[in-house]
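query.cif follows; it contains mmCIF, N, CA and C atoms.
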```
data_data
#
loop_
_atom_site.label_atom_id
_atom_site.label_comp_id
_atom_site.auth_asym_id
_atom_site.auth_seq_id
_atom_site.Cartn_x
_atom_site.Cartn_y
_atom_site.Cartn_z
N MET Q 1350 0.82 -1.19 0.00
CA MET Q 1350 0.00 0.00 0.00
C MET Q 1350 0.87 1.26 0.00
N ALA Q 1351 2.01 1.23 0.67
CA ALA Q 1351 2.89 2.40 0.72
C ALA Q 1351 3.47 2.69 -0.66
N SER Q 1352 3.67 1.66 -1.47
CA SER Q 1352 4.23 1.90 -2.80
C SER Q 1352 3.22 2.61 -3.70
N ASP Q 1353 1.93 2.43 -3.44
CA ASP Q 1353 0.91 3.10 -4.23
C ASP Q 1353 0.75 4.58 -3.86
N SER Q 1354 1.06 4.92 -2.61
CA SER Q 1354 0.81 6.29 -2.16
C SER Q 1354 1.98 7.23 -2.43
N GLY Q 1355 3.14 6.71 -2.79
CA GLY Q 1355 4.30 7.55 -3.08
C GLY Q 1355 5.04 8.02 -1.85
N LEU Q 1356 4.77 7.41 -0.69
CA LEU Q 1356 5.42 7.84 0.54
C LEU Q 1356 6.90 7.49 0.58
N GLU Q 1357 7.32 6.50 -0.18
CA GLU Q 1357 8.74 6.11 -0.14
C GLU Q 1357 9.63 7.19 -0.73
N ALA Q 1358 9.08 8.12 -1.51
CA ALA Q 1358 9.88 9.18 -2.12
C ALA Q 1358 10.08 10.37 -1.18
N LEU Q 1359 9.36 10.41 -0.06
CA LEU Q 1359 9.48 11.52 0.87
C LEU Q 1359 10.71 11.36 1.74
N GLU Q 1360 11.35 12.46 2.04
CA GLU Q 1360 12.55 12.43 2.88
C GLU Q 1360 12.47 13.59 3.86
N ARG Q 1361 12.77 13.31 5.13
CA ARG Q 1361 12.77 14.37 6.14
C ARG Q 1361 14.06 15.15 6.06
N VAL Q 1362 13.94 16.46 6.08
CA VAL Q 1362 15.10 17.34 6.03
C VAL Q 1362 15.07 18.22 7.27
N PRO Q 1363 16.12 18.20 8.08
CA PRO Q 1363 16.11 19.03 9.28
C PRO Q 1363 16.22 20.52 8.93
N VAL Q 1364 15.46 21.32 9.64
CA VAL Q 1364 15.47 22.77 9.44
C VAL Q 1364 15.79 23.40 10.79
N ALA Q 1365 16.74 24.33 10.79
CA ALA Q 1365 17.13 24.98 12.03
C ALA Q 1365 15.99 25.85 12.56
N ARG Q 1366 15.83 25.86 13.88
CA ARG Q 1366 14.80 26.70 14.48
C ARG Q 1366 15.20 28.16 14.36
N GLN Q 1367 14.20 28.98 14.16
CA GLN Q 1367 14.44 30.41 14.06
C GLN Q 1367 13.58 31.13 15.08
N ALA Q 1368 14.16 32.13 15.70
CA ALA Q 1368 13.41 32.93 16.67
C ALA Q 1368 12.45 33.86 15.93
N ILE Q 1369 11.27 34.00 16.47
CA ILE Q 1369 10.27 34.89 15.88
C ILE Q 1369 10.04 36.03 16.87
N TRP Q 1370 10.27 37.23 16.40
CA TRP Q 1370 10.07 38.41 17.22
C TRP Q 1370 8.80 39.11 16.76
N ILE Q 1371 7.94 39.44 17.70
CA ILE Q 1371 6.69 40.11 17.38
C ILE Q 1371 6.72 41.49 18.03
N ALA Q 1372 6.58 42.51 17.22
CA ALA Q 1372 6.58 43.88 17.73
C ALA Q 1372 5.15 44.34 17.97
N SER Q 1373 4.95 45.05 19.03
CA SER Q 1373 3.63 45.58 19.34
C SER Q 1373 3.29 46.72 18.38
N PRO Q 1374 2.06 46.77 17.87
CA PRO Q 1374 1.68 47.89 17.01
C PRO Q 1374 1.44 49.17 17.81
N ILE Q 1375 1.37 49.03 19.13
CA ILE Q 1375 1.15 50.20 19.99
C ILE Q 1375 2.48 50.55 20.64
N HIS Q 1376 2.95 51.75 20.38
CA HIS Q 1376 4.22 52.20 20.94
C HIS Q 1376 4.00 52.83 22.31
N PRO Q 1377 4.98 52.72 23.20
CA PRO Q 1377 4.84 53.36 24.52
C PRO Q 1377 4.59 54.87 24.43
N ASP Q 1378 5.12 55.51 23.40
CA ASP Q 1378 4.88 56.95 23.23
C ASP Q 1378 3.40 57.24 23.00
N ASP Q 1379 2.73 56.35 22.25
CA ASP Q 1379 1.30 56.53 22.00
C ASP Q 1379 0.50 56.39 23.29
N ILE Q 1380 0.89 55.43 24.12
CA ILE Q 1380 0.17 55.21 25.38
C ILE Q 1380 0.36 56.41 26.29
N SER Q 1381 1.58 56.92 26.37
CA SER Q 1381 1.83 58.08 27.24
C SER Q 1381 1.14 59.33 26.70
N ALA Q 1382 0.86 59.37 25.40
CA ALA Q 1382 0.16 60.53 24.82
C ALA Q 1382 -1.35 60.44 24.99
N GLY Q 1383 -1.84 59.35 25.59
CA GLY Q 1383 -3.27 59.24 25.86
C GLY Q 1383 -4.03 58.39 24.87
N LEU Q 1384 -3.39 57.39 24.28
CA LEU Q 1384 -4.06 56.49 23.35
C LEU Q 1384 -5.16 55.72 24.08
N GLU Q 1385 -6.35 55.70 23.52
CA GLU Q 1385 -7.49 55.00 24.11
C GLU Q 1385 -8.21 54.21 23.02
N PRO Q 1386 -8.97 53.18 23.42
CA PRO Q 1386 -9.76 52.43 22.43
C PRO Q 1386 -10.82 53.33 21.80
N ARG Q 1387 -11.21 52.98 20.59
CA ARG Q 1387 -12.25 53.74 19.91
C ARG Q 1387 -13.60 53.49 20.58
N LEU Q 1388 -14.42 54.49 20.59
CA LEU Q 1388 -15.76 54.37 21.17
C LEU Q 1388 -16.64 53.53 20.26
N PRO Q 1389 -17.63 52.83 20.83
CA PRO Q 1389 -18.54 52.04 19.99
C PRO Q 1389 -19.26 52.89 18.94
N SER Q 1390 -19.57 54.13 19.28
CA SER Q 1390 -20.24 54.99 18.30
C SER Q 1390 -19.33 55.31 17.12
N ASP Q 1391 -18.02 55.31 17.35
CA ASP Q 1391 -17.08 55.56 16.27
C ASP Q 1391 -16.90 54.32 15.41
N VAL Q 1392 -16.89 53.15 16.05
CA VAL Q 1392 -16.69 51.90 15.31
C VAL Q 1392 -17.94 51.54 14.52
N LEU Q 1393 -19.10 51.71 15.12
CA LEU Q 1393 -20.37 51.34 14.48
C LEU Q 1393 -21.14 52.56 13.98
N GLY Q 1394 -20.46 53.65 13.76
CA GLY Q 1394 -21.12 54.90 13.40
C GLY Q 1394 -21.53 54.98 11.94
N ALA Q 1395 -21.94 56.17 11.55
CA ALA Q 1395 -22.46 56.41 10.21
C ALA Q 1395 -21.35 56.67 9.19
N ASN Q 1396 -20.09 56.58 9.61
CA ASN Q 1396 -19.00 56.87 8.68
C ASN Q 1396 -18.55 55.63 7.91
N TRP Q 1397 -19.33 54.58 7.93
CA TRP Q 1397 -19.01 53.38 7.17
C TRP Q 1397 -19.22 53.65 5.68
N ASP Q 1398 -18.61 52.83 4.85
CA ASP Q 1398 -18.82 52.90 3.40
C ASP Q 1398 -20.09 52.10 3.11
N TRP Q 1399 -21.22 52.79 3.00
CA TRP Q 1399 -22.51 52.12 2.88
C TRP Q 1399 -22.65 51.26 1.63
N PRO Q 1400 -22.16 51.65 0.46
CA PRO Q 1400 -22.27 50.74 -0.69
C PRO Q 1400 -21.53 49.42 -0.46
N SER Q 1401 -20.36 49.48 0.16
CA SER Q 1401 -19.63 48.25 0.45
C SER Q 1401 -20.39 47.40 1.47
N LEU Q 1402 -20.97 48.04 2.46
CA LEU Q 1402 -21.73 47.32 3.47
C LEU Q 1402 -22.94 46.63 2.85
N ILE Q 1403 -23.61 47.31 1.93
CA ILE Q 1403 -24.78 46.72 1.25
C ILE Q 1403 -24.36 45.52 0.41
N VAL Q 1404 -23.23 45.63 -0.28
CA VAL Q 1404 -22.73 44.51 -1.09
C VAL Q 1404 -22.37 43.33 -0.19
N ILE Q 1405 -21.71 43.58 0.93
CA ILE Q 1405 -21.33 42.50 1.85
C ILE Q 1405 -22.56 41.80 2.40
N VAL Q 1406 -23.55 42.57 2.84
CA VAL Q 1406 -24.77 41.98 3.39
C VAL Q 1406 -25.53 41.21 2.30
N SER Q 1407 -25.61 41.76 1.10
CA SER Q 1407 -26.32 41.08 0.01
C SER Q 1407 -25.66 39.75 -0.35
N LEU Q 1408 -24.34 39.76 -0.47
CA LEU Q 1408 -23.64 38.51 -0.79
C LEU Q 1408 -23.76 37.50 0.35
N SER Q 1409 -23.74 37.98 1.58
CA SER Q 1409 -23.91 37.08 2.72
C SER Q 1409 -25.28 36.42 2.68
N MET Q 1410 -26.30 37.19 2.33
CA MET Q 1410 -27.65 36.63 2.25
C MET Q 1410 -27.75 35.61 1.11
N CYS Q 1411 -27.07 35.88 0.00
CA CYS Q 1411 -27.11 34.95 -1.13
C CYS Q 1411 -26.42 33.63 -0.79
N PHE Q 1412 -25.31 33.70 -0.06
CA PHE Q 1412 -24.56 32.48 0.26
C PHE Q 1412 -25.20 31.67 1.37
N LEU Q 1413 -26.10 32.27 2.13
CA LEU Q 1413 -26.80 31.52 3.17
C LEU Q 1413 -27.97 30.86 2.54
#
```

What's the structure tokens form of this structure?
Amino acid sequence: MASDSGLEALERVPVARQAIWIASPIHPDDISAGLEPRLPSDVLGANWDWPSLIVIVSLSMCFL
């Protein structure tokens, strides 16, 4: 069965581990300057792109 699946051609190759550094998108200077989360009225407000929102809702309704 292994000869039919092609597994005999696979070979493990060791790869050296690499460190992953993740930088915060919020800088300490922004926090000290008074950075705060956006208000719900700003996130869900009337400044949305209404044509895009209508297209998204319409396509969502079609796919359901």

By how many Å are CA of Ser1373 in chain Q and CA of Arg1387 in chain Q apart?
-> 17.9 Å

Run DSSP on the backbone and grab whatever in chain Q lands in helix (DSSP H, G or I); send it over as a PyMOL selection string.
-> chain Q and resi 1351-1354+1356-1358+1377-1381+1389-1392+1399-1412

Rounded to one decimal in Å, what is the spacing between atom C of Glu1385 in chain Q and CA of Trp1399 in chain Q?
->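 Computed distance, atom C of Glu1385 in chain Q to CA of Trp1399 in chain Q, equals 24.8 Å.
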
In Å, rounded to a single decimal, give me how far atom C of Pro1389 in chain Q is from CA of Leu1402 in chain Q.
->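 Taking CA of Leu1402 in chain Q and atom C of Pro1389 in chain Q, their separation equals 16.6 Å.
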